[in-house]
>>> print(open('coords-v9.cif').read())   # mmCIF, C-alpha atoms
data_data
loop_
_atom_site.label_atom_id
_atom_site.label_comp_id
_atom_site.auth_asym_id
_atom_site.auth_seq_id
_atom_site.Cartn_x
_atom_site.Cartn_y
_atom_site.Cartn_z
CA MET A 1 -36.67 57.49 1.79
CA LYS A 2 -39.64 57.45 4.17
CA GLY A 3 -41.94 58.37 1.29
CA LEU A 4 -40.62 55.52 -0.86
CA ILE A 5 -41.02 53.01 1.95
CA SER A 6 -44.56 54.23 2.55
CA ALA A 7 -45.38 53.89 -1.16
CA ILE A 8 -44.04 50.33 -1.17
CA GLN A 9 -46.09 49.51 1.92
CA PHE A 10 -49.22 50.98 0.33
CA LEU A 11 -48.96 49.48 -3.17
CA THR A 12 -47.34 46.11 -2.47
CA ILE A 13 -47.02 43.35 0.11
CA ILE A 14 -43.22 43.63 0.12
CA PRO A 15 -42.15 43.56 3.78
CA ILE A 16 -40.20 46.77 4.30
CA GLY A 17 -40.03 49.45 6.97
CA LYS A 18 -41.10 49.41 10.58
CA HIS A 19 -44.60 49.67 11.96
CA GLY A 20 -45.60 53.30 12.36
CA THR A 21 -43.34 54.65 9.60
CA PHE A 22 -46.18 55.00 7.06
CA ASP A 23 -46.41 58.55 5.66
CA SER A 24 -49.28 58.97 3.20
CA LYS A 25 -48.48 62.59 2.32
CA ARG A 26 -44.93 61.91 1.12
CA MET A 27 -45.49 58.67 -0.77
CA VAL A 28 -47.42 59.86 -3.85
CA PRO A 29 -44.38 61.03 -5.91
CA TYR A 30 -42.87 57.57 -5.51
CA PHE A 31 -45.71 55.65 -7.18
CA PRO A 32 -43.83 55.35 -10.52
CA VAL A 33 -40.68 54.26 -8.66
CA VAL A 34 -42.62 51.51 -6.91
CA GLY A 35 -43.87 50.51 -10.35
CA LEU A 36 -40.28 50.21 -11.53
CA ILE A 37 -39.44 48.03 -8.53
CA LEU A 38 -42.42 45.81 -9.27
CA GLY A 39 -41.44 45.71 -12.93
CA ALA A 40 -37.85 44.72 -12.13
CA LEU A 41 -39.05 41.89 -9.90
CA LEU A 42 -41.50 40.85 -12.63
CA ALA A 43 -38.77 40.81 -15.29
CA ILE A 44 -36.54 38.63 -13.11
CA PHE A 45 -39.44 36.28 -12.37
CA ASP A 46 -40.36 36.17 -16.06
CA GLN A 47 -36.87 35.13 -17.12
CA ALA A 48 -36.88 32.38 -14.52
CA VAL A 49 -40.23 30.89 -15.55
CA LEU A 50 -39.39 31.11 -19.27
CA ARG A 51 -36.64 28.57 -18.62
CA LEU A 52 -39.23 26.09 -17.40
CA TRP A 53 -42.40 26.79 -19.42
CA PRO A 54 -43.41 28.14 -22.86
CA ALA A 55 -44.41 31.78 -23.31
CA PRO A 56 -48.20 31.34 -22.72
CA VAL A 57 -47.63 29.67 -19.35
CA ALA A 58 -44.90 32.16 -18.40
CA ALA A 59 -47.27 35.06 -19.18
CA LEU A 60 -49.97 33.50 -17.02
CA LEU A 61 -47.53 33.11 -14.15
CA ASP A 62 -46.41 36.73 -14.63
CA VAL A 63 -50.01 37.89 -14.21
CA VAL A 64 -50.37 35.76 -11.07
CA PHE A 65 -47.08 37.12 -9.73
CA LEU A 66 -48.21 40.74 -10.18
CA ALA A 67 -51.54 40.01 -8.49
CA ILE A 68 -49.83 38.40 -5.51
CA ILE A 69 -47.06 40.95 -4.99
CA THR A 70 -49.55 43.85 -5.11
CA GLY A 71 -52.02 42.09 -2.82
CA ALA A 72 -54.53 42.30 -5.70
CA LEU A 73 -55.09 45.92 -4.61
CA HIS A 74 -55.75 47.29 -8.08
CA ILE A 75 -57.73 44.22 -9.15
CA ASP A 76 -60.09 44.75 -6.23
CA GLY A 77 -60.47 48.38 -7.28
CA LEU A 78 -61.24 47.35 -10.83
CA GLY A 79 -64.01 45.03 -9.70
CA ASP A 80 -65.58 47.58 -7.36
CA THR A 81 -65.36 50.33 -9.97
CA ALA A 82 -67.00 48.21 -12.66
CA ASP A 83 -69.85 47.35 -10.30
CA GLY A 84 -70.40 50.99 -9.39
CA LEU A 85 -69.99 52.69 -12.75
CA TYR A 86 -71.84 50.17 -14.91
CA GLY A 87 -75.43 51.20 -15.44
CA ASN A 88 -77.12 54.54 -15.10
CA TRP A 89 -76.67 54.91 -11.33
CA PRO A 90 -76.58 58.43 -9.87
CA ARG A 91 -73.33 59.51 -8.25
CA GLU A 92 -74.21 58.67 -4.64
CA LYS A 93 -75.61 55.26 -5.59
CA ALA A 94 -72.51 54.44 -7.63
CA LEU A 95 -70.23 55.43 -4.74
CA ALA A 96 -72.27 53.29 -2.35
CA ILE A 97 -72.01 50.28 -4.66
CA MET A 98 -68.24 50.69 -4.94
CA LYS A 99 -67.95 50.82 -1.16
CA ASP A 100 -69.72 47.45 -0.84
CA SER A 101 -67.09 44.76 -0.27
CA ARG A 102 -69.05 42.24 -2.31
CA THR A 103 -68.15 41.79 -5.99
CA GLY A 104 -71.00 41.74 -8.49
CA VAL A 105 -71.27 40.23 -11.95
CA MET A 106 -69.87 43.27 -13.74
CA GLY A 107 -66.96 43.42 -11.33
CA LEU A 108 -66.16 39.77 -11.96
CA VAL A 109 -66.44 40.21 -15.72
CA ALA A 110 -64.16 43.27 -15.63
CA ILE A 111 -61.53 41.42 -13.59
CA VAL A 112 -61.54 38.40 -15.90
CA MET A 113 -61.35 40.61 -18.98
CA GLY A 114 -58.57 42.76 -17.54
CA LEU A 115 -56.40 39.85 -16.49
CA SER A 116 -57.01 38.12 -19.82
CA LEU A 117 -55.90 41.19 -21.76
CA LYS A 118 -52.80 41.47 -19.61
CA TRP A 119 -51.99 37.80 -20.15
CA GLY A 120 -52.44 38.13 -23.92
CA GLY A 121 -50.24 41.21 -24.08
CA ILE A 122 -47.38 39.74 -22.03
CA MET A 123 -47.54 36.49 -23.98
CA CYS A 124 -46.99 38.36 -27.27
CA LEU A 125 -44.02 40.42 -26.10
CA ASP A 126 -40.85 39.56 -27.98
CA ALA A 127 -38.27 42.28 -28.58
CA HIS A 128 -37.33 44.27 -25.47
CA ARG A 129 -39.54 41.97 -23.38
CA SER A 130 -37.72 42.50 -20.08
CA LEU A 131 -37.52 46.27 -20.45
CA LEU A 132 -41.24 46.50 -21.20
CA LEU A 133 -42.02 44.33 -18.19
CA ILE A 134 -40.04 46.80 -16.08
CA ILE A 135 -41.45 50.10 -17.33
CA ILE A 136 -45.13 49.34 -17.98
CA PRO A 137 -45.96 48.80 -14.26
CA ALA A 138 -44.28 52.19 -13.66
CA TYR A 139 -46.47 53.87 -16.27
CA ALA A 140 -49.58 52.25 -14.76
CA ARG A 141 -48.84 53.56 -11.28
CA GLY A 142 -47.68 56.89 -12.63
CA GLY A 143 -51.06 57.30 -14.28
CA MET A 144 -52.65 57.31 -10.85
CA LEU A 145 -50.94 60.65 -10.19
CA SER A 146 -53.10 62.27 -12.87
CA GLY A 147 -56.23 60.96 -11.18
CA ILE A 148 -55.12 62.49 -7.89
CA ARG A 149 -54.08 65.77 -9.50
CA PHE A 150 -56.99 66.48 -11.82
CA LEU A 151 -60.08 64.98 -10.17
CA GLU A 152 -61.65 65.67 -6.79
CA TYR A 153 -61.97 62.93 -4.23
CA GLY A 154 -65.49 61.52 -4.09
CA ARG A 155 -65.65 60.54 -0.42
CA PRO A 156 -65.14 63.61 1.80
CA GLU A 157 -66.16 61.47 4.80
CA GLY A 158 -63.06 59.32 4.28
CA GLY A 159 -61.96 56.25 2.41
CA THR A 160 -58.96 54.23 1.24
CA GLY A 161 -57.51 57.02 -0.90
CA HIS A 162 -58.62 60.02 1.15
CA ALA A 163 -55.17 60.89 2.49
CA LEU A 164 -53.77 61.07 -1.06
CA PHE A 165 -55.95 64.11 -1.78
CA ASP A 166 -55.11 66.20 1.27
CA GLU A 167 -52.94 68.55 -0.76
CA VAL A 168 -52.94 69.66 -4.40
CA LEU A 169 -50.14 67.90 -6.24
CA HIS A 170 -47.42 70.14 -7.63
CA PRO A 171 -45.93 69.44 -11.09
CA PHE A 172 -42.68 68.12 -9.58
CA VAL A 173 -44.63 65.11 -8.29
CA PHE A 174 -44.70 63.81 -11.87
CA MET A 175 -40.89 63.76 -12.07
CA GLY A 176 -40.84 60.04 -11.28
CA LEU A 177 -42.54 59.37 -14.62
CA LEU A 178 -39.48 60.70 -16.41
CA ILE A 179 -37.64 57.48 -15.54
CA PRO A 180 -39.87 55.09 -17.54
CA VAL A 181 -40.20 57.72 -20.28
CA ALA A 182 -36.40 57.92 -20.57
CA LEU A 183 -36.11 54.12 -20.59
CA SER A 184 -38.75 53.89 -23.31
CA PHE A 185 -36.40 55.57 -25.80
CA PHE A 186 -34.25 52.44 -25.76
CA ILE A 187 -36.99 50.53 -27.59
CA GLY A 188 -37.29 52.81 -30.62
CA TRP A 189 -40.64 53.29 -32.32
CA ARG A 190 -42.34 51.00 -29.86
CA GLY A 191 -41.32 53.42 -27.10
CA ILE A 192 -42.95 56.32 -28.94
CA TRP A 193 -46.11 54.24 -29.40
CA LEU A 194 -46.04 53.31 -25.71
CA ASN A 195 -45.90 56.95 -24.62
CA PHE A 196 -48.66 57.93 -27.03
CA ILE A 197 -51.08 55.27 -25.85
CA PHE A 198 -50.24 56.00 -22.19
CA VAL A 199 -51.21 59.66 -22.60
CA PHE A 200 -54.29 58.77 -24.67
CA LEU A 201 -55.54 56.12 -22.22
CA THR A 202 -54.90 58.32 -19.18
CA ILE A 203 -56.86 61.22 -20.65
CA THR A 204 -59.65 58.90 -21.77
CA ILE A 205 -60.04 57.32 -18.32
CA LEU A 206 -60.04 60.71 -16.58
CA PHE A 207 -62.59 62.06 -19.05
CA PHE A 208 -64.83 59.03 -18.47
CA TYR A 209 -64.60 59.38 -14.68
CA LYS A 210 -65.30 63.11 -14.87
CA LYS A 211 -68.27 62.68 -17.16
CA ARG A 212 -69.68 59.66 -15.32
CA ILE A 213 -69.66 60.84 -11.69
CA GLY A 214 -67.40 63.90 -11.62
CA CYS A 215 -64.92 62.54 -9.08
CA ILE A 216 -62.55 59.70 -8.25
CA THR A 217 -62.07 57.28 -5.35
CA GLY A 218 -59.37 54.90 -4.18
CA ASP A 219 -61.13 52.07 -6.02
CA MET A 220 -61.20 54.11 -9.21
CA LEU A 221 -57.48 54.87 -8.86
CA GLY A 222 -56.82 51.15 -8.55
CA ALA A 223 -59.00 50.45 -11.58
CA MET A 224 -57.09 53.11 -13.49
CA ALA A 225 -53.77 51.44 -12.74
CA GLU A 226 -55.10 48.00 -13.68
CA ILE A 227 -56.64 49.22 -16.96
CA LEU A 228 -53.48 51.09 -17.93
CA GLU A 229 -51.28 48.10 -17.16
CA SER A 230 -53.44 45.64 -19.11
CA MET A 231 -53.98 47.88 -22.12
CA LEU A 232 -50.34 49.01 -22.32
CA PHE A 233 -49.15 45.41 -22.36
CA LEU A 234 -51.73 44.53 -24.99
CA LEU A 235 -51.26 47.52 -27.31
CA VAL A 236 -47.47 47.70 -27.11
CA ALA A 237 -47.40 44.06 -28.27
CA ALA A 238 -49.19 45.01 -31.51
CA GLY A 239 -47.33 43.48 -34.43
CA GLY A 240 -46.89 46.74 -36.30
CA PHE A 241 -44.63 48.08 -33.55
CA SER A 242 -42.34 45.05 -33.08
#
>>> encode(input="coords-v9.cif", output="structure tokens")
Amino acid sequence: MKGLISAIQFLTIIPIGKHGTFDSKRMVPYFPVVGLILGALLAIFDQAVLRLWPAPVAALLDVVFLAIITGALHIDGLGDTADGLYGNWPREKALAIMKDSRTGVMGLVAIVMGLSLKWGGIMCLDAHRSLLLIIIPAYARGGMLSGIRFLEYGRPEGGTGHALFDEVLHPFVFMGLLIPVALSFFIGWRGIWLNFIFVFLTITILFFYKKRIGCITGDMLGAMAEILESMLFLLVAAGGFS
């Protein structure tokens, strides 16, 4: 339970647990579970706003809700990562740019594009809307586990995600992903498509990170979650898989 509370404290602004209970080493396996919690809250919020506004406005409010409840943690990572990885910077220069708290043009463009894609995807959801709103945030945060497991941390001197890389992750850490995978079978062919694009996108992002600078940081983990979430919402809404 301490690991789950720590994961909620790390990934959201939900007030839970007492000061001093944070345990970074035990929280990683619970990232997908926190995603499910976020997704459940999002689905409830979505049903409420759909009673007051049409689907485009409800989708916009859903995006705002996710940004607020996560403290824009992943959005900030997306902006910093885009600033650092865009262009032909060497590794150390790219890491220095990402560490800069200021957001550049590429970071701003990436954030606007990412949020726009997420809005478009949520707006087009029809069948199984609530279930998809629940499980996609879990997939997005579960994808971060692969970044921690398969790439080395790029800031040995310390950083936001440093504690997550203290120990090599064992396969059982990925067990939490079995929950959204199991739930995905309730949506038929769209569930199969969802799992396929999740695996494809995760591998693609890791390959890009590895090829670009050969490591990963806390910002890049956040960017990974944000990209997965936006693209999963967008691609699962494709008309051929309704």
>>> residues_around(input="coords-v9.cif", residues="Val28 in chain A", least_positions_apart="2", cutoff="8 Å", atoms="all atoms listed in the file", output="MDAnalysis selection string")
chainID A and resid 3 7 24:26 30:31 145 164 173
>>> write_last_selection(input="coords-v9.cif", atoms="C-alpha atoms", output="PDB file, in the frame of the given file")
ATOM      1  CA  GLY A   3     -41.940  58.370   1.290  1.00  0.00           C
ATOM      2  CA  ALA A   7     -45.380  53.890  -1.160  1.00  0.00           C
ATOM      3  CA  SER A  24     -49.280  58.970   3.200  1.00  0.00           C
ATOM      4  CA  LYS A  25     -48.480  62.590   2.320  1.00  0.00           C
ATOM      5  CA  ARG A  26     -44.930  61.910   1.120  1.00  0.00           C
ATOM      6  CA  TYR A  30     -42.870  57.570  -5.510  1.00  0.00           C
ATOM      7  CA  PHE A  31     -45.710  55.650  -7.180  1.00  0.00           C
ATOM      8  CA  LEU A 145     -50.940  60.650 -10.190  1.00  0.00           C
ATOM      9  CA  LEU A 164     -53.770  61.070  -1.060  1.00  0.00           C
ATOM     10  CA  VAL A 173     -44.630  65.110  -8.290  1.00  0.00           C
TER      11      VAL A 173
END
>>> resolve_selection(input="coords-v9.cif", expression="the PyMOL selection byres ((chain A and resi 155) around 12)", output="count of residues only")
28
>>> resolve_selection(input="coords-v9.cif", expression="the PyMOL selection byres ((chain A and resi 100) around 12)", output="number ranges by chain")
A: 76-77, 79-81, 83-84, 93-99, 101-104, 107, 219
>>> closest_residue(input="coords-v9.cif", among="A:Phe65, A:Gly142, A:Leu11, A:Phe150", to="Met175 in chain A", atoms="all atoms listed in the file")
A:Gly142
>>> closest_residue(input="coords-v9.cif", among="A:Leu235, A:Leu151, A:Ala225, A:Val112", to="Lys211 in chain A", atoms="only C-alpha atoms")
A:Leu151
>>> residues_around(input="coords-v9.cif", residues="Leu133 in chain A", least_positions_apart="2", cutoff="8 Å", atoms="all atoms listed in the file", output="PyMOL selection string")
chain A and resi 39-40+42-43+129-131+135-137
>>> atom_distance(input="coords-v9.cif", atom1="CA of Val33 in chain A", atom2="CA of Val199 in chain A")
18.3 Å
>>> resolve_selection(input="coords-v9.cif", expression="the PyMOL selection byres ((chain A and resi 71) around 12)", output="ChimeraX atom specification")
/A:8-15,64-70,72-77,222
>>> residues_near_point(input="coords-v9.cif", point="(-49.9, 36.1, -25.2)", cutoff="10 Å", atoms="all atoms listed in the file", output="short mmCIF file (atom, residue, chain, number, x, y, z; two decimals) with C-alpha atoms, in the frame of the given file")
data_model
loop_
_atom_site.label_atom_id
_atom_site.label_comp_id
_atom_site.auth_asym_id
_atom_site.auth_seq_id
_atom_site.Cartn_x
_atom_site.Cartn_y
_atom_site.Cartn_z
CA ALA A 55 -44.41 31.78 -23.31
CA PRO A 56 -48.20 31.34 -22.72
CA VAL A 57 -47.63 29.67 -19.35
CA ALA A 58 -44.90 32.16 -18.40
CA ALA A 59 -47.27 35.06 -19.18
CA LEU A 60 -49.97 33.50 -17.02
CA SER A 116 -57.01 38.12 -19.82
CA LEU A 117 -55.90 41.19 -21.76
CA LYS A 118 -52.80 41.47 -19.61
CA TRP A 119 -51.99 37.80 -20.15
CA GLY A 120 -52.44 38.13 -23.92
CA GLY A 121 -50.24 41.21 -24.08
CA ILE A 122 -47.38 39.74 -22.03
CA MET A 123 -47.54 36.49 -23.98
CA CYS A 124 -46.99 38.36 -27.27
CA LEU A 125 -44.02 40.42 -26.10
CA PHE A 233 -49.15 45.41 -22.36
CA LEU A 234 -51.73 44.53 -24.99
CA ALA A 237 -47.40 44.06 -28.27
#
>>> closest_residue(input="coords-v9.cif", among="A:Lys18, A:Arg149, A:Arg141, A:Arg190", to="Phe172 in chain A", atoms="all atoms listed in the file")
A:Arg149
>>> axis_aligned_box(input="coords-v9.cif", around="range 54-67 of chain A", padding_each_side="8 Å", output="JSON")
{"center_x": -47.5, "center_y": 34.4, "center_z": -15.9, "size_x": 24.1, "size_y": 28.6, "size_z": 30.8}
>>> atom_distance(input="coords-v9.cif", atom1="CA of Ala140 in chain A", atom2="CA of Ser230 in chain A")
8.8 Å
>>> decode(input="coords-v9.cif", residues="range 77-119 of chain A", atoms="N, CA and C atoms", output="PDB file, in the first residue's frame")
ATOM      1  N   GLY A  77       7.388  17.453 -19.101  1.00  0.00           N
ATOM      2  CA  GLY A  77       8.422  16.580 -19.637  1.00  0.00           C
ATOM      3  C   GLY A  77       8.425  16.558 -21.149  1.00  0.00           C
ATOM      4  N   LEU A  78       7.245  16.601 -21.743  1.00  0.00           N
ATOM      5  CA  LEU A  78       7.150  16.624 -23.198  1.00  0.00           C
ATOM      6  C   LEU A  78       7.797  17.880 -23.768  1.00  0.00           C
ATOM      7  N   GLY A  79       7.514  19.011 -23.160  1.00  0.00           N
ATOM      8  CA  GLY A  79       8.094  20.266 -23.628  1.00  0.00           C
ATOM      9  C   GLY A  79       9.610  20.279 -23.507  1.00  0.00           C
ATOM     10  N   ASP A  80      10.115  19.860 -22.351  1.00  0.00           N
ATOM     11  CA  ASP A  80      11.567  19.848 -22.139  1.00  0.00           C
ATOM     12  C   ASP A  80      12.266  18.872 -23.086  1.00  0.00           C
ATOM     13  N   THR A  81      11.629  17.702 -23.297  1.00  0.00           N
ATOM     14  CA  THR A  81      12.219  16.701 -24.178  1.00  0.00           C
ATOM     15  C   THR A  81      12.274  17.190 -25.619  1.00  0.00           C
ATOM     16  N   ALA A  82      11.206  17.821 -26.077  1.00  0.00           N
ATOM     17  CA  ALA A  82      11.189  18.343 -27.446  1.00  0.00           C
ATOM     18  C   ALA A  82      12.268  19.395 -27.634  1.00  0.00           C
ATOM     19  N   ASP A  83      12.445  20.261 -26.647  1.00  0.00           N
ATOM     20  CA  ASP A  83      13.499  21.279 -26.736  1.00  0.00           C
ATOM     21  C   ASP A  83      14.882  20.645 -26.827  1.00  0.00           C
ATOM     22  N   GLY A  84      15.105  19.590 -26.032  1.00  0.00           N
ATOM     23  CA  GLY A  84      16.424  18.990 -25.969  1.00  0.00           C
ATOM     24  C   GLY A  84      16.756  18.083 -27.137  1.00  0.00           C
ATOM     25  N   LEU A  85      15.766  17.334 -27.616  1.00  0.00           N
ATOM     26  CA  LEU A  85      16.048  16.333 -28.641  1.00  0.00           C
ATOM     27  C   LEU A  85      15.887  16.858 -30.060  1.00  0.00           C
ATOM     28  N   TYR A  86      15.227  18.004 -30.221  1.00  0.00           N
ATOM     29  CA  TYR A  86      15.101  18.573 -31.559  1.00  0.00           C
ATOM     30  C   TYR A  86      16.430  19.208 -31.971  1.00  0.00           C
ATOM     31  N   GLY A  87      16.846  18.917 -33.178  1.00  0.00           N
ATOM     32  CA  GLY A  87      18.121  19.456 -33.639  1.00  0.00           C
ATOM     33  C   GLY A  87      19.239  18.447 -33.433  1.00  0.00           C
ATOM     34  N   ASN A  88      20.365  18.743 -33.939  1.00  0.00           N
ATOM     35  CA  ASN A  88      21.497  17.814 -33.920  1.00  0.00           C
ATOM     36  C   ASN A  88      22.431  18.085 -32.742  1.00  0.00           C
ATOM     37  N   TRP A  89      21.840  18.275 -31.538  1.00  0.00           N
ATOM     38  CA  TRP A  89      22.668  18.524 -30.362  1.00  0.00           C
ATOM     39  C   TRP A  89      23.379  17.255 -29.924  1.00  0.00           C
ATOM     40  N   PRO A  90      24.597  17.339 -29.449  1.00  0.00           N
ATOM     41  CA  PRO A  90      25.243  16.184 -28.819  1.00  0.00           C
ATOM     42  C   PRO A  90      24.541  15.852 -27.501  1.00  0.00           C
ATOM     43  N   ARG A  91      24.826  14.674 -26.988  1.00  0.00           N
ATOM     44  CA  ARG A  91      24.119  14.178 -25.799  1.00  0.00           C
ATOM     45  C   ARG A  91      24.161  15.157 -24.627  1.00  0.00           C
ATOM     46  N   GLU A  92      25.330  15.618 -24.260  1.00  0.00           N
ATOM     47  CA  GLU A  92      25.446  16.480 -23.081  1.00  0.00           C
ATOM     48  C   GLU A  92      24.708  17.802 -23.269  1.00  0.00           C
ATOM     49  N   LYS A  93      24.756  18.347 -24.489  1.00  0.00           N
ATOM     50  CA  LYS A  93      24.040  19.583 -24.776  1.00  0.00           C
ATOM     51  C   LYS A  93      22.536  19.364 -24.693  1.00  0.00           C
ATOM     52  N   ALA A  94      22.067  18.259 -25.235  1.00  0.00           N
ATOM     53  CA  ALA A  94      20.636  17.945 -25.185  1.00  0.00           C
ATOM     54  C   ALA A  94      20.163  17.793 -23.747  1.00  0.00           C
ATOM     55  N   LEU A  95      20.947  17.115 -22.919  1.00  0.00           N
ATOM     56  CA  LEU A  95      20.579  16.937 -21.514  1.00  0.00           C
ATOM     57  C   LEU A  95      20.559  18.269 -20.781  1.00  0.00           C
ATOM     58  N   ALA A  96      21.489  19.149 -21.112  1.00  0.00           N
ATOM     59  CA  ALA A  96      21.530  20.469 -20.483  1.00  0.00           C
ATOM     60  C   ALA A  96      20.310  21.295 -20.862  1.00  0.00           C
ATOM     61  N   ILE A  97      19.906  21.209 -22.127  1.00  0.00           N
ATOM     62  CA  ILE A  97      18.724  21.949 -22.580  1.00  0.00           C
ATOM     63  C   ILE A  97      17.484  21.446 -21.867  1.00  0.00           C
ATOM     64  N   MET A  98      17.357  20.129 -21.727  1.00  0.00           N
ATOM     65  CA  MET A  98      16.188  19.566 -21.051  1.00  0.00           C
ATOM     66  C   MET A  98      16.132  19.978 -19.582  1.00  0.00           C
ATOM     67  N   LYS A  99      17.281  20.179 -18.981  1.00  0.00           N
ATOM     68  CA  LYS A  99      17.324  20.556 -17.567  1.00  0.00           C
ATOM     69  C   LYS A  99      16.926  22.006 -17.350  1.00  0.00           C
ATOM     70  N   ASP A 100      17.016  22.820 -18.396  1.00  0.00           N
ATOM     71  CA  ASP A 100      16.634  24.237 -18.317  1.00  0.00           C
ATOM     72  C   ASP A 100      15.130  24.334 -18.094  1.00  0.00           C
ATOM     73  N   SER A 101      14.713  25.073 -17.091  1.00  0.00           N
ATOM     74  CA  SER A 101      13.296  25.180 -16.751  1.00  0.00           C
ATOM     75  C   SER A 101      12.492  25.971 -17.771  1.00  0.00           C
ATOM     76  N   ARG A 102      13.167  26.722 -18.618  1.00  0.00           N
ATOM     77  CA  ARG A 102      12.475  27.516 -19.627  1.00  0.00           C
ATOM     78  C   ARG A 102      12.026  26.629 -20.791  1.00  0.00           C
ATOM     79  N   THR A 103      10.849  26.946 -21.347  1.00  0.00           N
ATOM     80  CA  THR A 103      10.320  26.193 -22.478  1.00  0.00           C
ATOM     81  C   THR A 103      10.576  26.955 -23.767  1.00  0.00           C
ATOM     82  N   GLY A 104      11.191  26.276 -24.745  1.00  0.00           N
ATOM     83  CA  GLY A 104      11.485  26.894 -26.017  1.00  0.00           C
ATOM     84  C   GLY A 104      10.359  26.713 -27.018  1.00  0.00           C
ATOM     85  N   VAL A 105      10.620  27.151 -28.239  1.00  0.00           N
ATOM     86  CA  VAL A 105       9.602  27.088 -29.289  1.00  0.00           C
ATOM     87  C   VAL A 105       9.205  25.646 -29.584  1.00  0.00           C
ATOM     88  N   MET A 106      10.180  24.762 -29.729  1.00  0.00           N
ATOM     89  CA  MET A 106       9.863  23.373 -30.037  1.00  0.00           C
ATOM     90  C   MET A 106       9.088  22.712 -28.905  1.00  0.00           C
ATOM     91  N   GLY A 107       9.420  23.064 -27.674  1.00  0.00           N
ATOM     92  CA  GLY A 107       8.673  22.532 -26.543  1.00  0.00           C
ATOM     93  C   GLY A 107       7.228  22.977 -26.580  1.00  0.00           C
ATOM     94  N   LEU A 108       7.013  24.253 -26.873  1.00  0.00           N
ATOM     95  CA  LEU A 108       5.657  24.791 -26.945  1.00  0.00           C
ATOM     96  C   LEU A 108       4.879  24.137 -28.080  1.00  0.00           C
ATOM     97  N   VAL A 109       5.522  23.994 -29.234  1.00  0.00           N
ATOM     98  CA  VAL A 109       4.861  23.352 -30.373  1.00  0.00           C
ATOM     99  C   VAL A 109       4.488  21.906 -30.040  1.00  0.00           C
ATOM    100  N   ALA A 110       5.404  21.177 -29.401  1.00  0.00           N
ATOM    101  CA  ALA A 110       5.138  19.784 -29.046  1.00  0.00           C
ATOM    102  C   ALA A 110       3.967  19.670 -28.073  1.00  0.00           C
ATOM    103  N   ILE A 111       3.905  20.563 -27.107  1.00  0.00           N
ATOM    104  CA  ILE A 111       2.806  20.544 -26.131  1.00  0.00           C
ATOM    105  C   ILE A 111       1.475  20.812 -26.816  1.00  0.00           C
ATOM    106  N   VAL A 112       1.425  21.836 -27.664  1.00  0.00           N
ATOM    107  CA  VAL A 112       0.186  22.171 -28.364  1.00  0.00           C
ATOM    108  C   VAL A 112      -0.251  21.015 -29.256  1.00  0.00           C
ATOM    109  N   MET A 113       0.701  20.433 -29.983  1.00  0.00           N
ATOM    110  CA  MET A 113       0.374  19.311 -30.858  1.00  0.00           C
ATOM    111  C   MET A 113      -0.119  18.107 -30.064  1.00  0.00           C
ATOM    112  N   GLY A 114       0.573  17.790 -28.969  1.00  0.00           N
ATOM    113  CA  GLY A 114       0.185  16.644 -28.162  1.00  0.00           C
ATOM    114  C   GLY A 114      -1.199  16.784 -27.563  1.00  0.00           C
ATOM    115  N   LEU A 115      -1.487  17.934 -26.993  1.00  0.00           N
ATOM    116  CA  LEU A 115      -2.803  18.161 -26.398  1.00  0.00           C
ATOM    117  C   LEU A 115      -3.895  18.189 -27.465  1.00  0.00           C
ATOM    118  N   SER A 116      -3.563  18.704 -28.640  1.00  0.00           N
ATOM    119  CA  SER A 116      -4.534  18.743 -29.734  1.00  0.00           C
ATOM    120  C   SER A 116      -4.885  17.337 -30.209  1.00  0.00           C
ATOM    121  N   LEU A 117      -3.865  16.487 -30.337  1.00  0.00           N
ATOM    122  CA  LEU A 117      -4.103  15.108 -30.743  1.00  0.00           C
ATOM    123  C   LEU A 117      -4.948  14.370 -29.704  1.00  0.00           C
ATOM    124  N   LYS A 118      -4.662  14.621 -28.451  1.00  0.00           N
ATOM    125  CA  LYS A 118      -5.435  13.978 -27.383  1.00  0.00           C
ATOM    126  C   LYS A 118      -6.891  14.439 -27.426  1.00  0.00           C
ATOM    127  N   TRP A 119      -7.089  15.734 -27.606  1.00  0.00           N
ATOM    128  CA  TRP A 119      -8.446  16.275 -27.705  1.00  0.00           C
ATOM    129  C   TRP A 119      -9.194  15.650 -28.880  1.00  0.00           C
TER     130      TRP A 119
END
